[in-house]
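In what follows, a structure is listed as structure tokens, so that the remarks can point back to it.
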Amino acid sequence: ALLLAAVDPALQEPIKEFCEGLRRQATEIRAQKLELRQYQEYIEAWTHELKAPLSLAVLLLNKRQEEMSPYVLRRMQHVTNSISANVDEILFYARLGADHADYRFDQLDLSELVQECIDEFSILIEEKQIQTVVMLSPFSVTSDERVLRFLLAQLISNAIKYSAVENGLIKIKLEKRVSETEGILLSIANNGPGVSPEDLPFIFD
């Protein structure tokens, strides 16, 4: 109203139309935010519903270990771990668009986390007959453990998935960089074909 009172009458109608457009846009944005929040709440509720029978399956698996051969037990444990990781992945991505991120930063031993992630994939590594070369040194980092575990699992999973079909090899190395100011370097590499040139621009999307 103040703007309309201050401008030439010939400009009042275009300004009214412009303001009406802004109001429509604001209404659409509010509707999209509501839709996103409802989607996030649905995904969170769904994943929590899924975790209940998954926890029961893990409990039964642990209590009936003596009834299974070591081979079957290890593979069943791998399946339940994979399902649990997939559920966590869905939940992680659903929360990416949240208004605020629920992070908790702690001092963590990065070498321990890396080794635990490797152990979680040990059955898959064994199944694909992949050779692993692991060189870890005890380094402490400040991070959110849940997010860091998720990232490590993604990297190791991809290293396994895209390693060479025959004589697959994965090298995981944790070391301090030459310069003290450059911190710690964690490298996870395989002997696969690498990322195709057309996919490289999108690798960090």
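Starting from 1 in every chain, residues are counted up; chains themselves are A, B, ... following the order of the structure tokens, and ligands are numbered from 1 as listed.
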Residues flagged strand (DSSP E) by DSSP in stretch 4-152 of chain A, as a list in words:
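Assigned to strand (DSSP E), within stretch 4-152 of chain A: Phe105, Asp106, Gln107, Leu108, Asp109, Gln131, Thr132, Val133, Val134, Met135, Ser140, Val141, Thr142, Ser143 and Asp144 of chain A.
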Select from stretch 171-191 of chain A every residue with an atom at most 12 Å from any atom of stretch 118-124 of chain A, then for each give the shortest pair of atoms and their distance in Å to one decimal, using only C-alpha atoms, rows by chain and rising number, as CSV.
residue,atom,partner,partner_atom,distance
A:Lys171,CA,A:Ile118,CA,11.3
A:Ile172,CA,A:Ile118,CA,9.5
A:Ile188,CA,A:Ile118,CA,11.1
Residue subset to file, keeping C-alpha atoms, as a short mmCIF file (atom, residue, chain, number, x, y, z; two decimals), in the first residue's frame:
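And here's out-v9.cif as it stands now:
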data_model
loop_
_atom_site.label_atom_id
_atom_site.label_comp_id
_atom_site.auth_asym_id
_atom_site.auth_seq_id
_atom_site.Cartn_x
_atom_site.Cartn_y
_atom_site.Cartn_z
CA LYS A 171 42.83 -50.93 -0.60
CA ILE A 172 41.85 -48.92 2.47
CA ILE A 188 39.31 -46.26 -0.27
#
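Look at stretch 182-185 of chain A: the protein and nucleic acid residues within 10 Å of it, using only C-alpha atoms and passing over chain neighbours fewer than 3 places away, are Leu110, Phe139, Ser140, Val141, Lys173, Leu174, Glu175, Lys176, Arg177, Val178, Ser179 and Ile188 of chain A.
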Please, could you write that set of residues out with all heavy atoms as a CSV table (one decimal), in the first residue's frame?
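File written: part18.csv
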chain,number,residue,atom,x,y,z
A,110,LEU,N,38.5,-43.0,14.2
A,110,LEU,CA,38.2,-43.2,12.8
A,110,LEU,C,38.6,-44.6,12.4
A,110,LEU,O,37.9,-45.3,11.6
A,110,LEU,CB,38.8,-42.2,11.9
A,110,LEU,CG,38.5,-42.3,10.4
A,110,LEU,CD1,37.0,-42.3,10.2
A,110,LEU,CD2,39.1,-41.1,9.6
A,139,PHE,N,43.5,-42.7,14.6
A,139,PHE,CA,43.4,-41.2,14.5
A,139,PHE,C,42.0,-40.8,15.0
A,139,PHE,O,41.0,-41.5,14.8
A,139,PHE,CB,43.5,-40.7,13.1
A,139,PHE,CG,44.9,-40.8,12.5
A,139,PHE,CD1,45.2,-41.6,11.4
A,139,PHE,CD2,45.9,-40.0,13.1
A,139,PHE,CE1,46.5,-41.6,10.9
A,139,PHE,CE2,47.2,-40.1,12.6
A,139,PHE,CZ,47.5,-40.9,11.5
A,140,SER,N,41.9,-39.8,15.8
A,140,SER,CA,40.7,-39.3,16.4
A,140,SER,C,40.1,-38.1,15.5
A,140,SER,O,40.9,-37.3,15.0
A,140,SER,CB,40.9,-38.8,17.8
A,140,SER,OG,39.7,-38.3,18.3
A,141,VAL,N,38.8,-38.2,15.3
A,141,VAL,CA,38.2,-37.1,14.5
A,141,VAL,C,36.9,-36.7,15.2
A,141,VAL,O,36.3,-37.4,16.0
A,141,VAL,CB,37.8,-37.6,13.1
A,141,VAL,CG1,39.0,-38.0,12.2
A,141,VAL,CG2,36.8,-38.8,13.1
A,173,LYS,N,43.3,-47.2,3.3
A,173,LYS,CA,44.4,-46.6,4.0
A,173,LYS,C,44.1,-45.4,4.8
A,173,LYS,O,43.4,-44.5,4.2
A,173,LYS,CB,45.6,-46.3,3.0
A,173,LYS,CG,46.9,-46.0,3.7
A,173,LYS,CD,48.0,-45.8,2.6
A,173,LYS,CE,49.3,-45.5,3.3
A,173,LYS,NZ,50.4,-45.4,2.2
A,174,LEU,N,44.5,-45.3,6.0
A,174,LEU,CA,44.3,-44.1,6.8
A,174,LEU,C,45.6,-43.6,7.4
A,174,LEU,O,46.4,-44.3,8.0
A,174,LEU,CB,43.4,-44.5,8.0
A,174,LEU,CG,43.0,-43.4,9.1
A,174,LEU,CD1,42.3,-42.3,8.4
A,174,LEU,CD2,42.2,-44.0,10.2
A,175,GLU,N,45.9,-42.4,7.0
A,175,GLU,CA,47.2,-41.8,7.4
A,175,GLU,C,47.1,-40.3,7.6
A,175,GLU,O,46.2,-39.7,7.1
A,175,GLU,CB,48.2,-42.1,6.3
A,175,GLU,CG,47.8,-41.5,4.9
A,175,GLU,CD,48.8,-42.0,3.8
A,175,GLU,OE1,49.9,-42.4,4.1
A,175,GLU,OE2,48.4,-41.9,2.6
A,176,LYS,N,48.1,-39.8,8.3
A,176,LYS,CA,48.2,-38.3,8.4
A,176,LYS,C,48.9,-37.8,7.2
A,176,LYS,O,49.9,-38.3,6.7
A,176,LYS,CB,49.1,-38.0,9.7
A,176,LYS,CG,49.1,-36.5,10.0
A,176,LYS,CD,49.8,-36.2,11.3
A,176,LYS,CE,49.0,-36.5,12.5
A,176,LYS,NZ,47.9,-35.6,12.6
A,177,ARG,N,48.4,-36.7,6.7
A,177,ARG,CA,49.0,-36.0,5.5
A,177,ARG,C,50.4,-35.5,5.9
A,177,ARG,O,50.7,-35.2,7.0
A,177,ARG,CB,48.1,-34.9,5.0
A,177,ARG,CG,46.8,-35.5,4.4
A,177,ARG,CD,46.1,-34.4,3.6
A,177,ARG,NE,44.9,-34.9,3.0
A,177,ARG,CZ,44.4,-34.5,1.9
A,177,ARG,NH1,45.1,-33.6,1.2
A,177,ARG,NH2,43.3,-35.0,1.4
A,178,VAL,N,51.2,-35.2,4.8
A,178,VAL,CA,52.5,-34.7,5.0
A,178,VAL,C,52.5,-33.3,5.8
A,178,VAL,O,53.2,-33.1,6.7
A,178,VAL,CB,53.2,-34.5,3.7
A,178,VAL,CG1,54.6,-33.8,3.9
A,178,VAL,CG2,53.3,-35.8,2.9
A,179,SER,N,51.5,-32.5,5.4
A,179,SER,CA,51.4,-31.2,6.1
A,179,SER,C,50.5,-31.3,7.3
A,179,SER,O,49.4,-31.9,7.2
A,179,SER,CB,50.8,-30.1,5.1
A,179,SER,OG,50.5,-28.9,5.9
A,188,ILE,N,40.0,-45.0,0.0
A,188,ILE,CA,39.3,-46.3,-0.3
A,188,ILE,C,39.3,-46.4,-1.8
A,188,ILE,O,38.7,-45.7,-2.5
A,188,ILE,CB,37.9,-46.3,0.3
A,188,ILE,CG1,37.9,-46.1,1.8
A,188,ILE,CG2,37.2,-47.6,-0.1
A,188,ILE,CD1,36.5,-45.9,2.4
Write out as a list in words each polymer residue whose atoms come within 10 Å of A:Ile160, counting only C-alpha atoms; drop sequence neighbours fewer than 5 positions from it.
Phe121, Leu124, Ile125, Lys128, Ile130, Thr132, Leu155, Val165, Gly168, Leu169, Ile170, Ala189, Asn190, Asn191 and Gly192 of chain A
Restricting the output to N, CA and C atoms, write the selected residues as a PDB file, in the first residue's frame.
ATOM      1  N   PHE A 121      30.913 -55.909   6.108  1.00  0.00           N
ATOM      2  CA  PHE A 121      30.858 -56.365   4.717  1.00  0.00           C
ATOM      3  C   PHE A 121      31.719 -57.609   4.479  1.00  0.00           C
ATOM      4  N   LEU A 124      30.208 -60.403   2.301  1.00  0.00           N
ATOM      5  CA  LEU A 124      30.117 -60.027   0.890  1.00  0.00           C
ATOM      6  C   LEU A 124      31.503 -60.046   0.236  1.00  0.00           C
ATOM      7  N   ILE A 125      32.508 -59.571   0.967  1.00  0.00           N
ATOM      8  CA  ILE A 125      33.885 -59.588   0.463  1.00  0.00           C
ATOM      9  C   ILE A 125      34.332 -61.035   0.213  1.00  0.00           C
ATOM     10  N   LYS A 128      32.475 -62.558  -2.862  1.00  0.00           N
ATOM     11  CA  LYS A 128      32.982 -62.095  -4.161  1.00  0.00           C
ATOM     12  C   LYS A 128      34.476 -62.379  -4.341  1.00  0.00           C
ATOM     13  N   ILE A 130      37.114 -61.095  -2.899  1.00  0.00           N
ATOM     14  CA  ILE A 130      37.871 -59.857  -3.065  1.00  0.00           C
ATOM     15  C   ILE A 130      39.007 -59.822  -2.051  1.00  0.00           C
ATOM     16  N   THR A 132      41.521 -57.807   0.281  1.00  0.00           N
ATOM     17  CA  THR A 132      41.520 -56.488   0.929  1.00  0.00           C
ATOM     18  C   THR A 132      42.887 -56.207   1.528  1.00  0.00           C
ATOM     19  N   LEU A 155      30.861 -45.816   0.882  1.00  0.00           N
ATOM     20  CA  LEU A 155      32.128 -45.894   0.151  1.00  0.00           C
ATOM     21  C   LEU A 155      32.623 -47.340   0.030  1.00  0.00           C
ATOM     22  N   VAL A 165      35.764 -57.841 -11.624  1.00  0.00           N
ATOM     23  CA  VAL A 165      34.982 -59.075 -11.518  1.00  0.00           C
ATOM     24  C   VAL A 165      35.873 -60.240 -11.108  1.00  0.00           C
ATOM     25  N   GLY A 168      39.366 -59.275  -7.707  1.00  0.00           N
ATOM     26  CA  GLY A 168      38.995 -57.986  -7.131  1.00  0.00           C
ATOM     27  C   GLY A 168      39.910 -57.596  -5.980  1.00  0.00           C
ATOM     28  N   LEU A 169      40.204 -56.315  -5.888  1.00  0.00           N
ATOM     29  CA  LEU A 169      41.119 -55.818  -4.859  1.00  0.00           C
ATOM     30  C   LEU A 169      40.605 -54.487  -4.318  1.00  0.00           C
ATOM     31  N   ILE A 170      40.624 -54.367  -2.989  1.00  0.00           N
ATOM     32  CA  ILE A 170      40.246 -53.111  -2.330  1.00  0.00           C
ATOM     33  C   ILE A 170      41.376 -52.713  -1.386  1.00  0.00           C
ATOM     34  N   ALA A 189      40.090 -47.416  -2.260  1.00  0.00           N
ATOM     35  CA  ALA A 189      40.257 -47.588  -3.701  1.00  0.00           C
ATOM     36  C   ALA A 189      40.061 -49.050  -4.078  1.00  0.00           C
ATOM     37  N   ASN A 190      39.659 -49.271  -5.333  1.00  0.00           N
ATOM     38  CA  ASN A 190      39.557 -50.639  -5.830  1.00  0.00           C
ATOM     39  C   ASN A 190      40.216 -50.727  -7.204  1.00  0.00           C
ATOM     40  N   ASN A 191      40.228 -51.918  -7.780  1.00  0.00           N
ATOM     41  CA  ASN A 191      40.838 -52.112  -9.098  1.00  0.00           C
ATOM     42  C   ASN A 191      39.772 -52.290 -10.180  1.00  0.00           C
ATOM     43  N   GLY A 192      38.636 -51.644  -9.967  1.00  0.00           N
ATOM     44  CA  GLY A 192      37.554 -51.709 -10.947  1.00  0.00           C
ATOM     45  C   GLY A 192      37.790 -50.784 -12.121  1.00  0.00           C
TER      46      GLY A 192
END
Shell around stretch 75-78 of chain A at 10 Å using only C-alpha atoms, local window under 2 positions removed, as a list of chain:residue names:
A:Ala57, A:Val58, A:Leu61, A:Asn62, A:Met68, A:Pro70, A:Tyr71, A:Val72, A:Leu73, A:Thr80, A:Asn81, A:Ser82, A:Ile83, A:Ser84, A:Glu120, A:Phe121, A:Ser122, A:Ile123, A:Leu124, A:Glu127
Skipping near chain neighbours, those fewer than 6 positions away, what residues fall within 12 Å of A:Asp109 using only C-alpha atoms, listed as a list of chain:residue names?
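Final neighbour list, sorted by chain and number: A:Gln115, A:Glu116, A:Leu136, A:Ser137, A:Pro138, A:Phe139, A:Ser140, A:Val141, A:Thr142, A:Ser143, A:Asp144, A:Glu145, A:Leu148, A:Arg149, A:Leu174.
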Those residues you just picked out, can you put them in a file as a CSV table (one decimal), in the first residue's frame with C-alpha atoms?
chain,number,residue,atom,x,y,z
A,115,GLN,CA,37.4,-51.5,10.7
A,116,GLU,CA,33.8,-52.1,12.0
A,136,LEU,CA,44.9,-48.2,9.6
A,137,SER,CA,46.4,-46.0,12.2
A,138,PRO,CA,44.6,-44.7,15.3
A,139,PHE,CA,43.4,-41.2,14.5
A,140,SER,CA,40.7,-39.3,16.4
A,141,VAL,CA,38.2,-37.1,14.5
A,142,THR,CA,35.2,-34.9,15.5
A,143,SER,CA,32.1,-36.0,13.7
A,144,ASP,CA,28.5,-37.3,14.0
A,145,GLU,CA,28.9,-41.1,14.4
A,148,LEU,CA,30.1,-40.9,9.4
A,149,ARG,CA,29.2,-44.6,9.6
A,174,LEU,CA,44.3,-44.1,6.8
